[in-house]
file protein21.txt (compact mmCIF, C-alpha atoms)
# COMPACT_ATOMS: atom_id res chain seq x y z
CA MET N 1415 -15.71 48.21 30.85
CA HIS N 1416 -15.80 44.56 31.82
CA ASN N 1417 -16.70 44.12 35.49
CA PRO N 1418 -16.61 40.71 37.14
CA ILE N 1419 -19.90 39.77 38.78
CA LYS N 1420 -21.35 36.66 40.30
CA PRO N 1421 -23.61 34.96 37.76
CA SER N 1422 -27.17 35.10 38.94
CA ASN N 1423 -28.86 34.57 35.58
CA PRO N 1424 -27.67 32.21 32.86
CA GLN N 1425 -28.95 34.60 30.21
CA ALA N 1426 -25.94 36.69 29.28
CA ASN N 1427 -27.31 38.87 26.49
CA SER N 1428 -28.40 42.23 27.78
CA GLU N 1429 -30.73 42.86 24.86
CA LEU N 1430 -32.69 40.41 22.76
CA PRO N 1431 -34.23 40.60 19.31
CA GLU N 1432 -37.87 41.60 19.27
CA ALA N 1433 -38.81 38.21 17.83
CA VAL N 1434 -37.61 36.53 21.00
CA ALA N 1435 -38.54 39.01 23.72
CA PRO N 1436 -38.03 37.72 27.28
CA LYS N 1437 -41.76 37.37 27.90
CA ALA N 1438 -42.27 35.17 24.88
CA LYS N 1439 -42.12 31.42 25.21
CA VAL N 1440 -38.67 30.17 24.28
CA PRO N 1441 -38.97 28.01 21.15
CA SER N 1442 -37.62 24.52 21.31
CA LYS N 1443 -35.03 23.22 18.89
CA THR N 1444 -37.70 21.30 17.01
CA SER N 1445 -40.07 24.27 16.71
CA LEU N 1446 -37.24 26.42 15.41
CA LEU N 1447 -36.57 23.95 12.61
CA ILE N 1448 -40.27 23.71 11.75
CA SER N 1449 -41.09 27.42 11.92
CA ASN N 1450 -38.06 29.02 10.29
CA PRO N 1451 -37.76 28.19 6.56
CA THR N 1452 -34.35 29.87 6.23
CA LEU N 1453 -32.91 27.69 8.99
CA ARG N 1454 -34.40 24.55 7.43
CA ALA N 1455 -32.88 25.42 4.05
CA LEU N 1456 -29.57 26.29 5.69
CA LEU N 1457 -29.34 22.88 7.36
CA VAL N 1458 -29.92 21.22 3.96
CA ILE N 1459 -27.20 23.40 2.43
CA VAL N 1460 -24.85 22.50 5.28
CA PHE N 1461 -25.57 18.82 4.72
CA PHE N 1462 -24.67 18.78 1.02
CA THR N 1463 -21.74 21.20 1.29
CA TYR N 1464 -20.00 19.41 4.14
CA SER N 1465 -20.69 16.02 2.60
CA ALA N 1466 -18.85 17.27 -0.48
CA GLN N 1467 -16.00 18.68 1.59
CA ASN N 1468 -15.58 15.42 3.47
CA MET N 1469 -15.41 13.50 0.19
CA LEU N 1470 -12.34 15.57 -0.65
CA ASN N 1471 -10.90 15.08 2.85
CA VAL N 1472 -11.28 11.30 2.65
CA SER N 1473 -9.81 11.02 -0.83
CA ILE N 1474 -6.97 13.54 -0.78
CA ALA N 1475 -4.34 11.45 1.08
CA PRO N 1476 -4.80 8.27 -1.02
CA LEU N 1477 -4.95 10.43 -4.17
CA ALA N 1478 -1.65 12.12 -3.28
CA ARG N 1479 0.12 8.76 -3.24
CA LYS N 1480 -1.80 7.33 -6.19
CA LEU N 1481 -0.91 10.31 -8.41
CA ASN N 1482 2.63 10.66 -7.00
CA LEU N 1483 1.94 14.17 -5.72
CA TYR N 1484 3.94 15.87 -3.02
CA SER N 1485 2.71 14.49 0.33
CA TRP N 1486 3.08 17.82 2.13
CA ALA N 1487 0.47 19.25 -0.25
CA VAL N 1488 -2.24 17.33 1.64
CA GLY N 1489 -1.64 19.39 4.76
CA LEU N 1490 -0.97 22.58 2.82
CA ALA N 1491 -4.32 22.40 1.01
CA VAL N 1492 -6.27 22.07 4.25
CA SER N 1493 -4.16 24.70 6.01
CA LEU N 1494 -4.65 27.16 3.16
CA ALA N 1495 -8.39 26.57 3.35
CA ALA N 1496 -8.23 27.35 7.05
CA VAL N 1497 -6.39 30.61 6.33
CA PHE N 1498 -9.27 31.75 4.15
CA VAL N 1499 -11.83 30.63 6.74
CA ALA N 1500 -10.01 32.60 9.45
CA MET N 1501 -9.71 35.66 7.21
CA LEU N 1502 -13.27 35.70 5.90
CA SER N 1503 -15.48 34.33 8.69
CA GLN N 1504 -16.22 37.71 10.28
CA PHE N 1505 -16.62 39.29 6.84
CA TRP N 1506 -19.20 36.70 5.75
CA SER N 1507 -21.08 36.73 9.07
CA ARG N 1508 -21.57 40.50 8.95
CA ARG N 1509 -22.30 40.46 5.20
CA SER N 1510 -25.03 37.87 5.83
CA LEU N 1511 -26.96 40.57 7.70
CA ILE N 1512 -26.05 43.51 5.45
CA TRP N 1513 -26.32 41.80 2.04
CA GLY N 1514 -28.70 39.05 3.10
CA ARG N 1515 -28.08 35.34 3.62
CA ARG N 1516 -29.20 34.36 0.12
CA ARG N 1517 -26.66 36.54 -1.68
CA VAL N 1518 -23.81 35.44 0.59
CA LEU N 1519 -24.59 31.75 0.15
CA ILE N 1520 -24.93 32.00 -3.64
CA ILE N 1521 -21.51 33.66 -3.91
CA ALA N 1522 -19.93 31.11 -1.55
CA LEU N 1523 -21.40 28.03 -3.21
CA THR N 1524 -20.47 29.29 -6.69
CA LEU N 1525 -16.87 29.46 -5.49
CA ALA N 1526 -17.17 25.94 -4.07
CA PHE N 1527 -18.54 24.64 -7.38
CA ILE N 1528 -15.61 26.17 -9.28
CA ALA N 1529 -13.25 24.58 -6.76
CA SER N 1530 -14.79 21.15 -7.28
CA LEU N 1531 -14.39 21.46 -11.07
CA LEU N 1532 -10.74 22.48 -10.71
CA PHE N 1533 -10.02 19.62 -8.31
CA SER N 1534 -11.74 17.01 -10.47
CA GLY N 1535 -10.21 18.30 -13.68
CA SER N 1536 -6.67 18.33 -12.31
CA VAL N 1537 -7.03 14.75 -11.07
CA MET N 1538 -8.21 13.57 -14.49
CA LEU N 1539 -5.44 15.40 -16.34
CA ARG N 1540 -2.75 14.16 -13.95
CA ASP N 1541 -4.00 10.59 -14.27
CA ALA N 1542 -3.82 10.92 -18.06
CA GLY N 1543 -0.23 12.17 -17.82
CA MET N 1544 -1.13 15.62 -19.12
CA LEU N 1545 -0.06 17.49 -15.95
CA SER N 1546 3.21 17.31 -14.07
CA ALA N 1547 3.20 16.51 -10.36
CA GLY N 1548 4.05 20.12 -9.53
CA VAL N 1549 1.28 21.67 -11.60
CA ALA N 1550 -1.33 19.15 -10.40
CA THR N 1551 -0.29 19.74 -6.80
CA ALA N 1552 -0.59 23.51 -7.23
CA ILE N 1553 -4.08 23.28 -8.77
CA ILE N 1554 -5.32 20.90 -6.06
CA VAL N 1555 -3.94 23.14 -3.30
CA ILE N 1556 -5.60 26.22 -4.83
CA ALA N 1557 -8.91 24.43 -5.43
CA ARG N 1558 -9.18 22.66 -2.05
CA GLY N 1559 -7.43 25.45 -0.18
CA ALA N 1560 -8.20 28.94 -1.48
CA PHE N 1561 -11.48 28.41 -3.36
CA PHE N 1562 -13.12 25.85 -1.11
CA GLY N 1563 -11.89 27.57 2.05
CA ALA N 1564 -13.27 30.92 0.97
CA ALA N 1565 -16.59 29.28 0.13
CA VAL N 1566 -17.10 27.15 3.23
CA SER N 1567 -16.11 30.04 5.52
CA ALA N 1568 -19.48 31.68 4.78
CA ILE N 1569 -21.70 28.86 6.00
CA PRO N 1570 -21.00 28.31 9.75
CA PRO N 1571 -21.09 32.01 10.79
CA THR N 1572 -24.25 32.57 8.74
CA GLY N 1573 -25.99 29.68 10.50
CA GLN N 1574 -24.63 30.48 13.95
CA ALA N 1575 -25.69 34.13 13.69
CA LEU N 1576 -29.22 33.09 12.71
CA ILE N 1577 -29.48 30.58 15.57
CA ALA N 1578 -28.10 33.07 18.08
CA ALA N 1579 -30.74 35.60 17.02
CA LEU N 1580 -33.48 32.99 17.54
CA THR N 1581 -32.32 31.66 20.95
CA PRO N 1582 -32.21 34.14 23.84
CA ASP N 1583 -31.21 31.95 26.80
CA GLU N 1584 -28.63 29.32 27.68
CA PRO N 1585 -30.69 26.11 27.27
CA SER N 1586 -32.15 27.08 23.89
CA ARG N 1587 -28.78 28.42 22.68
CA VAL N 1588 -27.05 25.15 23.56
CA ALA N 1589 -29.82 23.16 21.85
CA GLY N 1590 -29.73 25.36 18.74
CA MET N 1591 -25.96 25.25 18.40
CA SER N 1592 -26.06 21.48 18.96
CA ALA N 1593 -28.59 21.10 16.13
CA PHE N 1594 -26.41 23.13 13.77
CA SER N 1595 -23.20 21.30 14.74
CA GLY N 1596 -25.08 18.01 14.51
CA SER N 1597 -26.10 18.74 10.93
CA ILE N 1598 -22.43 19.25 10.06
CA SER N 1599 -21.53 15.97 11.79
CA ALA N 1600 -24.34 14.17 9.96
CA SER N 1601 -23.05 15.45 6.63
CA ILE N 1602 -19.53 14.32 7.50
CA MET N 1603 -20.90 10.90 8.40
CA ILE N 1604 -22.82 10.58 5.12
CA GLY N 1605 -19.85 11.95 3.21
CA SER N 1606 -17.59 9.32 4.77
CA LEU N 1607 -20.02 6.52 3.89
CA ALA N 1608 -20.43 7.78 0.34
CA SER N 1609 -16.68 8.23 -0.04
CA SER N 1610 -16.02 4.69 1.17
CA ALA N 1611 -18.59 3.26 -1.23
CA LEU N 1612 -17.45 5.33 -4.20
CA GLY N 1613 -13.78 4.79 -3.36
CA ALA N 1614 -14.29 1.04 -3.25
CA TRP N 1615 -15.83 1.30 -6.73
CA HIS N 1616 -13.17 3.68 -8.09
CA ILE N 1617 -10.55 5.78 -6.32
CA TYR N 1618 -11.64 8.86 -8.29
CA GLY N 1619 -15.34 8.41 -7.54
CA PRO N 1620 -15.52 10.76 -4.52
CA VAL N 1621 -13.65 13.48 -6.43
CA HIS N 1622 -16.16 13.60 -9.26
CA ALA N 1623 -19.17 13.35 -6.94
CA THR N 1624 -18.14 16.49 -5.03
CA GLY N 1625 -19.34 18.89 -7.72
CA ILE N 1626 -22.76 17.23 -7.87
CA LEU N 1627 -23.35 17.76 -4.15
CA ILE N 1628 -22.23 21.39 -4.32
CA ALA N 1629 -24.58 21.97 -7.27
CA ILE N 1630 -27.50 20.61 -5.22
CA ALA N 1631 -26.62 22.96 -2.33
CA LEU N 1632 -26.50 25.89 -4.77
CA LEU N 1633 -29.91 25.02 -6.20
CA VAL N 1634 -31.38 24.81 -2.68
CA THR N 1635 -30.00 28.27 -1.97
CA ILE N 1636 -31.47 29.76 -5.15
CA PHE N 1637 -34.94 28.29 -4.68
CA ALA N 1638 -35.37 27.97 -0.89
CA VAL N 1639 -33.49 30.83 0.79
CA PRO N 1640 -35.57 34.02 0.80
CA VAL N 1641 -34.28 37.52 0.16
CA THR N 1642 -33.93 39.42 3.45
CA PRO N 1643 -33.95 43.23 3.79
CA PRO N 1644 -30.85 44.91 5.26
CA PRO N 1645 -31.04 45.95 8.93
CA PRO N 1646 -31.48 49.61 9.88
CA LYS N 1647 -28.28 51.60 10.37
CA LYS N 1648 -28.63 51.65 14.15
CA SER N 1649 -28.71 47.84 14.16
CA GLN N 1650 -25.66 47.32 11.95
CA PRO N 1651 -23.57 44.37 13.21
CA LEU N 1652 -20.47 45.23 15.22
CA LYS N 1653 -17.06 43.63 14.97
CA VAL N 1654 -15.86 41.50 17.87
CA SER N 1655 -12.18 41.06 18.69
CA PHE N 1656 -10.50 37.73 19.34
CA LEU N 1657 -8.94 39.38 22.40
CA ASP N 1658 -12.27 40.46 23.89
CA PRO N 1659 -12.02 39.21 27.49
CA ARG N 1660 -15.62 37.99 27.38
CA ILE N 1661 -14.78 35.34 24.78
CA LEU N 1662 -10.98 34.91 24.97
CA PRO N 1663 -11.10 32.15 27.64
CA TRP N 1664 -13.52 30.15 25.48
CA ILE N 1665 -11.24 30.54 22.46
CA LEU N 1666 -8.07 29.47 24.28
CA ALA N 1667 -9.79 26.45 25.83
CA ALA N 1668 -11.17 25.26 22.50
CA LEU N 1669 -8.04 25.82 20.39
CA GLY N 1670 -6.27 22.71 21.70
CA MET N 1671 -9.31 20.57 20.91
CA PHE N 1672 -9.68 21.96 17.39
CA PHE N 1673 -5.96 21.59 16.68
CA THR N 1674 -5.93 17.99 17.87
CA ASN N 1675 -9.05 17.11 15.91
CA GLY N 1676 -7.52 18.61 12.77
CA VAL N 1677 -4.33 16.61 13.24
CA ALA N 1678 -6.26 13.37 13.78
CA GLN N 1679 -8.42 13.91 10.69
CA ILE N 1680 -5.67 14.89 8.27
CA ILE N 1681 -3.45 11.90 9.11
CA THR N 1682 -6.32 9.40 9.05
CA GLY N 1683 -5.48 8.27 5.54
CA PHE N 1684 -1.83 7.78 6.45
CA LEU N 1685 -2.67 5.89 9.65
CA ALA N 1686 -4.97 3.57 7.72
CA GLN N 1687 -2.21 2.79 5.26
CA ASP N 1688 0.67 2.47 7.72
CA ARG N 1689 -0.97 0.91 10.81
CA LEU N 1690 -3.07 -1.51 8.75
CA HIS N 1691 -0.40 -2.08 6.05
CA LEU N 1692 -2.65 -1.17 3.11
CA ALA N 1693 -2.07 0.17 -0.39
CA PRO N 1694 -3.58 3.61 -1.23
CA GLU N 1695 -6.51 2.04 -3.09
CA GLN N 1696 -7.24 -0.31 -0.17
CA ALA N 1697 -6.99 2.49 2.41
CA MET N 1698 -9.89 4.54 1.03
CA ALA N 1699 -12.62 2.45 2.68
CA PRO N 1700 -11.09 2.18 6.19
CA THR N 1701 -10.21 5.88 6.09
CA GLY N 1702 -13.86 6.67 5.41
CA PHE N 1703 -15.04 4.37 8.19
CA LEU N 1704 -12.68 5.95 10.73
CA LEU N 1705 -13.93 9.43 9.86
CA LEU N 1706 -17.44 8.01 9.94
CA ALA N 1707 -16.92 6.84 13.52
CA SER N 1708 -15.80 10.33 14.52
CA ALA N 1709 -18.72 12.00 12.76
CA ALA N 1710 -21.21 9.50 14.20
CA GLY N 1711 -19.98 10.15 17.74
CA ALA N 1712 -20.27 13.90 17.27
CA MET N 1713 -23.69 13.70 15.62
CA ILE N 1714 -25.20 11.46 18.32
CA MET N 1715 -23.88 13.72 21.05
CA GLN N 1716 -25.03 16.95 19.40
CA ILE N 1717 -28.45 15.89 18.18
CA VAL N 1718 -29.49 13.32 20.81
CA ILE N 1719 -27.42 13.55 24.00
CA VAL N 1720 -26.39 17.18 24.59
CA PRO N 1721 -29.91 18.70 24.34
CA ARG N 1722 -31.06 16.18 26.99
CA LEU N 1723 -28.12 16.54 29.37
CA GLY N 1724 -29.01 20.06 30.45
CA TRP N 1725 -25.33 20.84 31.08
CA THR N 1726 -23.98 24.38 31.08
CA PRO N 1727 -21.59 25.39 28.25
CA ASP N 1728 -18.54 25.40 30.55
CA ARG N 1729 -19.27 21.86 31.76
CA LEU N 1730 -19.69 20.61 28.19
CA LEU N 1731 -16.31 22.13 27.37
CA ARG N 1732 -14.48 20.59 30.33
CA ILE N 1733 -15.85 17.06 29.97
CA GLY N 1734 -15.32 17.12 26.20
CA LEU N 1735 -11.67 18.06 26.60
CA ASN N 1736 -11.13 15.22 29.08
CA VAL N 1737 -12.56 12.71 26.58
CA SER N 1738 -10.30 14.13 23.87
CA VAL N 1739 -7.18 13.60 25.98
CA LEU N 1740 -8.05 9.93 26.42
CA SER N 1741 -8.83 9.57 22.70
CA LEU N 1742 -5.50 11.12 21.66
CA PHE N 1743 -3.59 8.73 23.93
CA GLY N 1744 -5.50 5.78 22.46
CA LEU N 1745 -4.92 6.90 18.87
CA ALA N 1746 -1.17 7.26 19.42
CA LEU N 1747 -0.95 3.63 20.55
CA ALA N 1748 -3.66 1.97 18.38
CA SER N 1749 -2.28 -0.92 16.35
CA ASN N 1750 -5.41 -2.35 14.69
CA PHE N 1751 -8.57 -1.15 13.01
CA TRP N 1752 -10.88 -1.52 16.01
CA LEU N 1753 -8.62 0.47 18.35
CA LEU N 1754 -8.34 3.16 15.69
CA MET N 1755 -12.14 3.12 15.35
CA LEU N 1756 -12.62 3.47 19.12
CA SER N 1757 -10.20 6.40 19.26
CA TYR N 1758 -11.93 8.24 16.43
CA LEU N 1759 -15.30 7.61 18.06
CA GLY N 1760 -13.88 9.22 21.20
CA PHE N 1761 -12.78 12.27 19.22
CA GLY N 1762 -16.29 12.54 17.82
CA ILE N 1763 -17.84 12.37 21.29
CA SER N 1764 -15.45 15.02 22.57
CA MET N 1765 -16.21 17.36 19.65
CA GLY N 1766 -19.92 16.73 20.20
CA LEU N 1767 -19.50 18.14 23.69
CA VAL N 1768 -16.94 20.89 23.09
CA SER N 1769 -18.43 22.46 19.96
CA PRO N 1770 -21.94 23.36 21.27
CA GLY N 1771 -20.48 24.37 24.65
CA PHE N 1772 -17.92 26.64 23.02
CA ASN N 1773 -20.37 28.26 20.57
CA ALA N 1774 -23.16 28.70 23.11
CA GLY N 1775 -20.92 29.95 25.92
CA ALA N 1776 -19.12 32.58 23.87
CA SER N 1777 -22.23 33.80 22.03
CA LEU N 1778 -24.12 34.23 25.31
CA ALA N 1779 -21.42 36.64 26.51
CA VAL N 1780 -22.19 39.35 23.94
CA ASN N 1781 -25.04 41.65 22.93
CA LYS N 1782 -27.46 41.12 20.05
CA ASN N 1783 -25.69 43.50 17.61
CA GLU N 1784 -22.45 41.58 18.25
CA LEU N 1785 -23.89 38.14 17.51
CA ALA N 1786 -22.85 38.16 13.83
CA GLY N 1787 -19.39 39.37 14.79
CA VAL N 1788 -18.89 36.74 17.45
CA ALA N 1789 -20.18 34.03 15.09
CA GLY N 1790 -17.38 34.97 12.70
CA VAL N 1791 -14.82 34.86 15.49
CA LEU N 1792 -15.99 31.44 16.68
CA SER N 1793 -15.89 30.05 13.15
CA ALA N 1794 -12.43 31.50 12.60
CA THR N 1795 -11.16 30.00 15.86
CA GLY N 1796 -11.46 26.47 14.56
CA ALA N 1797 -9.93 27.58 11.27
CA ILE N 1798 -6.89 29.09 12.99
CA SER N 1799 -6.04 25.73 14.53
CA TRP N 1800 -6.43 24.11 11.10
CA ILE N 1801 -3.94 26.58 9.59
CA PHE N 1802 -1.08 25.04 11.52
CA GLY N 1803 -2.46 21.62 12.44
CA PRO N 1804 -2.68 19.80 9.09
CA VAL N 1805 0.53 21.10 7.52
CA SER N 1806 2.56 20.55 10.70
CA ALA N 1807 0.95 17.13 11.22
CA THR N 1808 1.80 15.86 7.74
CA ALA N 1809 5.35 17.22 7.94
CA LEU N 1810 5.92 15.81 11.43
CA TYR N 1811 4.34 12.47 10.51
CA ALA N 1812 6.77 12.12 7.61
CA TRP N 1813 9.63 12.78 10.06
CA HIS N 1814 8.34 10.47 12.84
CA PRO N 1815 4.84 8.96 13.08
CA LEU N 1816 4.48 9.75 16.80
CA SER N 1817 5.58 13.39 16.65
CA PRO N 1818 2.13 14.82 15.70
CA PHE N 1819 0.65 13.16 18.79
CA ILE N 1820 3.25 14.72 21.08
CA LEU N 1821 2.59 18.22 19.76
CA SER N 1822 -1.17 17.71 19.97
CA GLY N 1823 -0.86 16.38 23.51
CA VAL N 1824 0.97 19.50 24.70
CA LEU N 1825 -1.61 21.89 23.22
CA LEU N 1826 -4.61 19.81 24.23
CA GLY N 1827 -3.27 19.44 27.76
CA ALA N 1828 -2.86 23.22 28.07
CA SER N 1829 -6.44 23.83 26.90
CA THR N 1830 -7.80 21.19 29.28
CA ILE N 1831 -6.01 22.71 32.27
CA LEU N 1832 -7.28 26.18 31.33
CA ALA N 1833 -10.86 24.90 31.09
CA TRP N 1834 -10.67 23.54 34.62
CA VAL N 1835 -8.93 26.49 36.32
CA HIS N 1836 -10.11 29.67 34.56
CA PRO N 1837 -12.79 31.41 36.66
CA VAL N 1838 -14.94 32.36 33.63
CA LEU N 1839 -14.97 28.78 32.38
CA ARG N 1840 -15.72 27.43 35.84
CA GLY N 1841 -18.71 29.76 36.11
CA SER N 1842 -17.43 31.49 39.24
CA VAL N 1843 -16.90 34.80 37.42
CA LYS N 1844 -18.82 36.18 34.47
CA LEU N 1845 -18.08 39.38 32.52
CA ARG N 1846 -20.85 41.82 31.76
CA PRO N 1847 -21.76 42.34 28.09
CA LYS N 1848 -20.74 45.75 26.80
CA THR N 1849 -23.37 48.44 26.87
CA GLU N 1850 -24.56 49.37 23.40

call {"tool": "encode", "arguments": {"input": "protein21.txt", "output": "structure tokens"}}
result
Amino acid sequence: MHNPIKPSNPQANSELPEAVAPKAKVPSKTSLLISNPTLRALLVIVFFTYSAQNMLNVSIAPLARKLNLYSWAVGLAVSLAAVFVAMLSQFWSRRSLIWGRRRVLIIALTLAFIASLLFSGSVMLRDAGMLSAGVATAIIVIARGAFFGAAVSAIPPTGQALIAALTPDEPSRVAGMSAFSGSISASIMIGSLASSALGAWHIYGPVHATGILIAIALLVTIFAVPVTPPPPKKSQPLKVSFLDPRILPWILAALGMFFTNGVAQIITGFLAQDRLHLAPEQAMAPTGFLLLASAAGAMIMQIVIVPRLGWTPDRLLRIGLNVSVLSLFGLALASNFWLLMLSYLGFGISMGLVSPGFNAGASLAVNKNELAGVAGVLSATGAISWIFGPVSATALYAWHPLSPFILSGVLLGASTILAWVHPVLRGSVKLRPKTE
């Protein structure tokens, strides 16, 4: 039963792993990275995998026009990937404890490598006139959507579950989640830079480089991630429901942010072409720089600023949502590259605040044998917004360029209001973790 109580202790977990007993000194973010080889390897894997994913994200919109593919396929590919992330996040997070992280990551990255080969091969064959637009579109959607989505869905919950097990209290949990989110942002930033450079050299450059980065991540997994024994039966991870009242307010408050961020990212390539009046080949570089601005804002916040602010998760969430509202308004009206750049930087700053607040706040509300389950739920939450965001954004943008911003504004506004008025998110009421 969930009983409302006044929060007297920021530590929400009723039981902690033996490795981080309450009497032990709480490890800092830096010491965690130095002392835990699995976490170090995982951050390297995250870096290469998300760099590869962002290369596809940067290139897919210009490629669609270059190869005369169906424009709605851009959104469909990303939305299909999100479906698989939402479906498999809890599965992978719990399997990472039962099967071991190494086995889960090898399976996931093998799928990602196959996806990169399919994507690259279909682009080459379509360019050579050996595939019709329909067949090439279908292969790209399956590769970027089903295969890559199923693969990437394993990585965030695996990392978040490990960090949650290593960080018992609110400050260390926020710092740990910020480090993990920051590594993703850093990889997006590097991926954007690499995509811009490769795209300026050749429009197909980022596509063919994707498989190389995934192969590196797979090799790191094989040689650097140790085999872990399964937990005893009494410590088997439990499932956590999306409707669990301990985490539901966090989910609802973050959904608007994730939806809006997905919309902004998927139409970046179209905005660069239409607002700046560029051809598809010319739009590759500015598209990469806009996504770079967003990733840089998020990375700086997550790695440098958030760990030093000392803010509670609910405050990070509220302030981040406010920044996102301003950024969305600016993006809707931006008419030149620098205003677009400023708006995307704002989105990055807002995600740099919302993401660690959301992950830390929700994970602190559950018990230790629910940490893997809640990590899957939190990872799936962002994916759910990406199921509808990209495909609706591309369809609405084709109908009227301002319509995606109106829809995003409604959802983001609702999430922002909830974050400011809900008693759990304001810290005035906290729900007890379930007894085990």

call {"tool": "residues_around", "arguments": {"input": "protein21.txt", "residues": "Gly1787 in chain N", "least_positions_apart": "6", "cutoff": "10 Å", "atoms": "all atoms listed in the file", "output": "list in words"}}
result
Ser1503, Gln1504, Phe1505, Trp1506, Ser1507, Arg1508, Pro1571, Ala1575, Pro1651, Leu1652, Lys1653, Val1654, Ser1655, Ser1777 and Val1780 of chain N

call {"tool": "closest_residue", "arguments": {"input": "protein21.txt", "among": "N:Leu1545, N:Trp1486, N:Ser1799, N:Phe1751", "to": "Ala1812 in chain N", "atoms": "only C-alpha atoms"}}
result
N:Trp1486

call {"tool": "closest_residue", "arguments": {"input": "protein21.txt", "among": "N:Asp1728, N:Asp1658, N:Asp1688, N:Asp1541", "to": "Leu1832 in chain N", "atoms": "only C-alpha atoms"}}
result
N:Asp1728

call {"tool": "closest_residue", "arguments": {"input": "protein21.txt", "among": "N:Gly1823, N:Gly1711, N:Pro1476, N:Gly1734", "to": "Gly1670 in chain N", "atoms": "all atoms listed in the file"}}
result
N:Gly1823

call {"tool": "closest_residue", "arguments": {"input": "protein21.txt", "among": "N:Leu1685, N:Ala1578, N:Leu1839, N:Leu1483", "to": "Val1555 in chain N", "atoms": "all atoms listed in the file"}}
result
N:Leu1483

call {"tool": "closest_residue", "arguments": {"input": "protein21.txt", "among": "N:Leu1666, N:Met1715, N:Gln1574, N:Gly1596", "to": "Ser1510 in chain N", "atoms": "only C-alpha atoms"}}
result
N:Gln1574

call {"tool": "closest_residue", "arguments": {"input": "protein21.txt", "among": "N:Ala1797, N:Ile1661, N:Leu1627, N:Ile1556", "to": "Val1838 in chain N", "atoms": "only C-alpha atoms"}}
result
N:Ile1661

call {"tool": "atom_distance", "arguments": {"input": "protein21.txt", "atom1": "CA of Val1824 in chain N", "atom2": "CA of Gly1762 in chain N"}}
result
19.8 Å

call {"tool": "decode", "arguments": {"input": "protein21.txt", "residues": "range 1561-1607 of chain N", "atoms": "C-alpha atoms", "output": "mmCIF file, in the first residue's frame"}}
result
data_model
loop_
_atom_site.group_PDB
_atom_site.id
_atom_site.type_symbol
_atom_site.label_atom_id
_atom_site.label_comp_id
_atom_site.auth_asym_id
_atom_site.auth_seq_id
_atom_site.Cartn_x
_atom_site.Cartn_y
_atom_site.Cartn_z
ATOM 1 C CA PHE N 1561 16.805 -3.877 -35.810
ATOM 2 C CA PHE N 1562 18.453 -0.751 -34.451
ATOM 3 C CA GLY N 1563 15.589 -0.070 -32.047
ATOM 4 C CA ALA N 1564 15.734 -3.576 -30.613
ATOM 5 C CA ALA N 1565 19.497 -3.251 -30.205
ATOM 6 C CA VAL N 1566 19.707 0.194 -28.633
ATOM 7 C CA SER N 1567 16.865 -0.600 -26.209
ATOM 8 C CA ALA N 1568 19.263 -2.826 -24.244
ATOM 9 C CA ILE N 1569 21.869 -0.192 -23.437
ATOM 10 C CA PRO N 1570 20.188 2.561 -21.336
ATOM 11 C CA PRO N 1571 18.352 0.230 -18.891
ATOM 12 C CA THR N 1572 21.489 -1.887 -18.465
ATOM 13 C CA GLY N 1573 23.529 1.191 -17.555
ATOM 14 C CA GLN N 1574 20.836 2.797 -15.411
ATOM 15 C CA ALA N 1575 20.288 -0.408 -13.425
ATOM 16 C CA LEU N 1576 24.027 -0.678 -12.741
ATOM 17 C CA ILE N 1577 24.284 2.964 -11.642
ATOM 18 C CA ALA N 1578 21.198 2.671 -9.436
ATOM 19 C CA ALA N 1579 22.727 -0.349 -7.698
ATOM 20 C CA LEU N 1580 25.925 1.634 -7.030
ATOM 21 C CA THR N 1581 24.311 4.871 -5.762
ATOM 22 C CA PRO N 1582 22.161 4.627 -2.626
ATOM 23 C CA ASP N 1583 21.183 8.258 -1.978
ATOM 24 C CA GLU N 1584 19.810 11.242 -3.869
ATOM 25 C CA PRO N 1585 23.019 13.251 -4.501
ATOM 26 C CA SER N 1586 25.031 10.267 -5.753
ATOM 27 C CA ARG N 1587 22.081 8.979 -7.803
ATOM 28 C CA VAL N 1588 21.680 12.354 -9.532
ATOM 29 C CA ALA N 1589 25.435 12.515 -10.192
ATOM 30 C CA GLY N 1590 25.547 8.947 -11.523
ATOM 31 C CA MET N 1591 22.552 9.381 -13.804
ATOM 32 C CA SER N 1592 24.016 12.686 -15.017
ATOM 33 C CA ALA N 1593 27.289 10.950 -15.905
ATOM 34 C CA PHE N 1594 25.453 8.262 -17.867
ATOM 35 C CA SER N 1595 23.187 10.749 -19.664
ATOM 36 C CA GLY N 1596 26.212 12.951 -20.294
ATOM 37 C CA SER N 1597 28.030 10.110 -22.032
ATOM 38 C CA ILE N 1598 25.053 9.732 -24.369
ATOM 39 C CA SER N 1599 25.052 13.480 -25.047
ATOM 40 C CA ALA N 1600 28.801 13.420 -25.694
ATOM 41 C CA SER N 1601 28.366 10.624 -28.208
ATOM 42 C CA ILE N 1602 25.584 12.549 -29.942
ATOM 43 C CA MET N 1603 27.836 15.596 -30.086
ATOM 44 C CA ILE N 1604 30.739 13.633 -31.584
ATOM 45 C CA GLY N 1605 28.361 11.845 -33.932
ATOM 46 C CA SER N 1606 27.009 15.186 -35.155
ATOM 47 C CA LEU N 1607 30.522 16.534 -35.755
#
